[in-house]
file target20.pdb (PDB, C-alpha atoms, pLDDT in the B column)
ATOM      1  CA  MET D 126     -14.515   1.243 -19.159  1.00 44.00           C
ATOM      2  CA  ASP D 127     -13.739   2.316 -15.619  1.00 46.00           C
ATOM      3  CA  THR D 128     -15.459   0.490 -12.776  1.00 50.00           C
ATOM      4  CA  PRO D 129     -17.656   2.651 -10.526  1.00 59.00           C
ATOM      5  CA  ARG D 130     -16.011   4.070  -7.392  1.00 61.00           C
ATOM      6  CA  SER D 131     -17.688   5.249  -4.247  1.00 75.00           C
ATOM      7  CA  GLY D 132     -17.501   8.931  -3.390  1.00 83.00           C
ATOM      8  CA  LYS D 133     -17.505  12.014  -5.523  1.00 90.00           C
ATOM      9  CA  THR D 134     -15.066  12.190  -8.389  1.00 91.00           C
ATOM     10  CA  ARG D 135     -13.686  15.093 -10.354  1.00 93.00           C
ATOM     11  CA  VAL D 136     -12.026  15.110 -13.711  1.00 93.00           C
ATOM     12  CA  THR D 137      -8.467  16.390 -13.786  1.00 94.00           C
ATOM     13  CA  SER D 138      -5.530  16.296 -16.130  1.00 94.00           C
ATOM     14  CA  VAL D 139      -2.346  14.507 -15.158  1.00 94.00           C
ATOM     15  CA  SER D 140       0.824  14.396 -17.225  1.00 97.00           C
ATOM     16  CA  LEU D 141       2.684  11.091 -17.218  1.00 97.00           C
ATOM     17  CA  ARG D 142       5.648   9.813 -19.154  1.00 98.00           C
ATOM     18  CA  ALA D 143       4.513   7.726 -22.125  1.00 98.00           C
ATOM     19  CA  GLU D 144       6.239   4.628 -20.712  1.00 98.00           C
ATOM     20  CA  THR D 145       4.474   5.070 -17.377  1.00 97.00           C
ATOM     21  CA  LEU D 146       1.073   5.387 -19.011  1.00 96.00           C
ATOM     22  CA  GLU D 147       1.668   2.308 -21.149  1.00 96.00           C
ATOM     23  CA  ALA D 148       2.710   0.315 -18.067  1.00 97.00           C
ATOM     24  CA  ILE D 149      -0.442   1.449 -16.252  1.00 97.00           C
ATOM     25  CA  ARG D 150      -2.653   0.545 -19.210  1.00 96.00           C
ATOM     26  CA  SER D 151      -1.086  -2.899 -19.493  1.00 96.00           C
ATOM     27  CA  ARG D 152      -1.685  -3.580 -15.790  1.00 96.00           C
ATOM     28  CA  ALA D 153      -5.028  -1.848 -15.276  1.00 96.00           C
ATOM     29  CA  GLY D 154      -7.042  -4.019 -17.653  1.00 92.00           C
ATOM     30  CA  LYS D 155     -10.798  -3.817 -17.116  1.00 92.00           C
ATOM     31  CA  GLN D 156     -10.232  -1.879 -13.894  1.00 91.00           C
ATOM     32  CA  GLY D 157      -9.343   1.139 -15.987  1.00 95.00           C
ATOM     33  CA  VAL D 158      -6.572   3.691 -15.797  1.00 95.00           C
ATOM     34  CA  SER D 159      -8.452   6.080 -13.514  1.00 95.00           C
ATOM     35  CA  SER D 160      -9.228   3.384 -10.935  1.00 94.00           C
ATOM     36  CA  TYR D 161      -5.660   2.095 -11.074  1.00 96.00           C
ATOM     37  CA  ILE D 162      -4.232   5.559 -10.466  1.00 96.00           C
ATOM     38  CA  GLU D 163      -6.823   6.283  -7.729  1.00 96.00           C
ATOM     39  CA  GLU D 164      -5.807   3.131  -5.850  1.00 96.00           C
ATOM     40  CA  ALA D 165      -2.085   3.895  -6.255  1.00 96.00           C
ATOM     41  CA  VAL D 166      -2.529   7.438  -4.966  1.00 97.00           C
ATOM     42  CA  GLN D 167      -4.602   6.208  -2.003  1.00 96.00           C
ATOM     43  CA  ARG D 168      -1.808   3.776  -1.063  1.00 97.00           C
ATOM     44  CA  GLN D 169       0.742   6.600  -1.270  1.00 97.00           C
ATOM     45  CA  LEU D 170      -1.417   8.858   0.913  1.00 97.00           C
ATOM     46  CA  GLN D 171      -1.682   6.052   3.486  1.00 97.00           C
ATOM     47  CA  ARG D 172       2.110   5.580   3.475  1.00 96.00           C
ATOM     48  CA  GLU D 173       2.647   9.303   4.001  1.00 97.00           C
ATOM     49  CA  ALA D 174       0.128   9.335   6.864  1.00 97.00           C
ATOM     50  CA  VAL D 175       1.972   6.438   8.531  1.00 94.00           C
ATOM     51  CA  ASP D 176       5.313   8.201   8.044  1.00 94.00           C
ATOM     52  CA  GLU D 177       3.873  11.346   9.640  1.00 96.00           C
ATOM     53  CA  TYR D 178       2.475   9.330  12.555  1.00 94.00           C
ATOM     54  CA  ILE D 179       5.860   7.665  13.126  1.00 91.00           C
ATOM     55  CA  ALA D 180       7.660  11.027  13.006  1.00 95.00           C
ATOM     56  CA  GLU D 181       5.232  12.488  15.564  1.00 95.00           C
ATOM     57  CA  TYR D 182       5.566   9.404  17.785  1.00 93.00           C
ATOM     58  CA  GLU D 183       9.370   9.523  17.641  1.00 94.00           C
ATOM     59  CA  ALA D 184       9.392  13.257  18.373  1.00 97.00           C
ATOM     60  CA  GLU D 185       7.425  12.561  21.549  1.00 96.00           C
ATOM     61  CA  HIS D 186       8.828   9.166  22.624  1.00 94.00           C
ATOM     62  CA  GLY D 187      12.201   8.808  20.917  1.00 94.00           C
ATOM     63  CA  PRO D 188      13.283   6.489  18.113  1.00 93.00           C
ATOM     64  CA  VAL D 189      11.345   3.329  17.408  1.00 88.00           C
ATOM     65  CA  ASP D 190      13.193   0.127  18.347  1.00 90.00           C
ATOM     66  CA  GLN D 191      13.847  -1.536  14.966  1.00 91.00           C
ATOM     67  CA  ALA D 192      14.197  -4.986  16.557  1.00 94.00           C
ATOM     68  CA  GLU D 193      10.712  -4.623  18.061  1.00 92.00           C
ATOM     69  CA  VAL D 194       9.333  -3.439  14.709  1.00 91.00           C
ATOM     70  CA  ALA D 195      10.835  -6.505  13.009  1.00 94.00           C
ATOM     71  CA  ALA D 196       9.451  -8.835  15.682  1.00 95.00           C
ATOM     72  CA  ARG D 197       5.966  -7.376  15.408  1.00 93.00           C
ATOM     73  CA  ALA D 198       6.084  -7.504  11.609  1.00 94.00           C
ATOM     74  CA  GLU D 199       7.009 -11.179  11.776  1.00 96.00           C
ATOM     75  CA  ARG D 200       4.100 -11.880  14.145  1.00 95.00           C
ATOM     76  CA  ILE D 201       1.739 -10.107  11.724  1.00 94.00           C
ATOM     77  CA  ARG D 202       3.110 -12.089   8.738  1.00 94.00           C
ATOM     78  CA  ALA D 203       2.751 -15.353  10.667  1.00 94.00           C
ATOM     79  CA  HIS D 204      -0.798 -14.456  11.663  1.00 94.00           C
ATOM     80  CA  HIS D 205      -1.801 -13.710   8.063  1.00 92.00           C
ATOM     81  CA  ALA D 206      -0.036 -16.817   6.760  1.00 92.00           C
ATOM     82  CA  ALA D 207      -1.859 -18.974   9.320  1.00 91.00           C
ATOM     83  CA  HIS D 208      -5.201 -17.551   8.258  1.00 88.00           C
ATOM     84  CA  ARG D 209      -4.378 -18.253   4.608  1.00 82.00           C
ATOM     85  CA  GLY D 210      -3.238 -21.769   5.461  1.00 78.00           C
ATOM     86  CA  GLU D 211       0.355 -21.114   4.412  1.00 68.00           C
ATOM     87  CA  ALA D 212       3.433 -22.501   6.108  1.00 63.00           C
ATOM     88  CA  THR D 213       5.519 -19.921   7.936  1.00 54.00           C
ATOM     89  CA  PRO D 214       9.340 -20.035   7.919  1.00 57.00           C
ATOM     90  CA  THR D 215       9.309 -21.451  11.471  1.00 56.00           C
ATOM     91  CA  ASP D 216       6.846 -24.183  10.359  1.00 50.00           C
ATOM     92  CA  ALA D 217       9.212 -25.310   7.599  1.00 50.00           C
ATOM     93  CA  ALA D 218      12.143 -25.931   9.960  1.00 49.00           C
TER      94      ALA D 218
END
call {"tool": "encode", "arguments": {"input": "target20.pdb", "output": "structure tokens"}}
result
Amino acid sequence: MDTPRSGKTRVTSVSLRAETLEAIRSRAGKQGVSSYIEEAVQRQLQREAVDEYIAEYEAEHGPVDQAEVAARAERIRAHHAAHRGEATPTDAA
């Protein structure tokens, strides 16, 4: 049985390859296929929105500095690891 989700829902039909549907069913468990697919689609929509934002930013300001992106990503990972009590790669050295 699907778990309740906030917001209005509509029933639709989606065609998936049999192997894809079986993989979803094996991973979805009690969450249910609909909730699993809803969450996957929401993540994809977020990725596309970020990609669009980056494209707009680069059109206005030029290419993003990949070294700066990597440095900021590492700071974010370290921050999250510290809050989870995990050792960061620099802590292990």
call {"tool": "atom_distance", "arguments": {"input": "target20.pdb", "atom1": "atom CA of Ala195 of chain D", "atom2": "atom CA of Ile179 of chain D"}}
result
15.0 Å
call {"tool": "resolve_selection", "arguments": {"input": "target20.pdb", "expression": "the PyMOL selection byres ((chain D and resi 160-164) around 12)", "output": "MDAnalysis selection string"}}
result
chainID D and resid 126:132 134:137 139 141 145:146 148:159 165:171
call {"tool": "atom_distance", "arguments": {"input": "target20.pdb", "atom1": "atom CA of Ala180 of chain D", "atom2": "atom CA of Arg197 of chain D"}}
result
18.6 Å
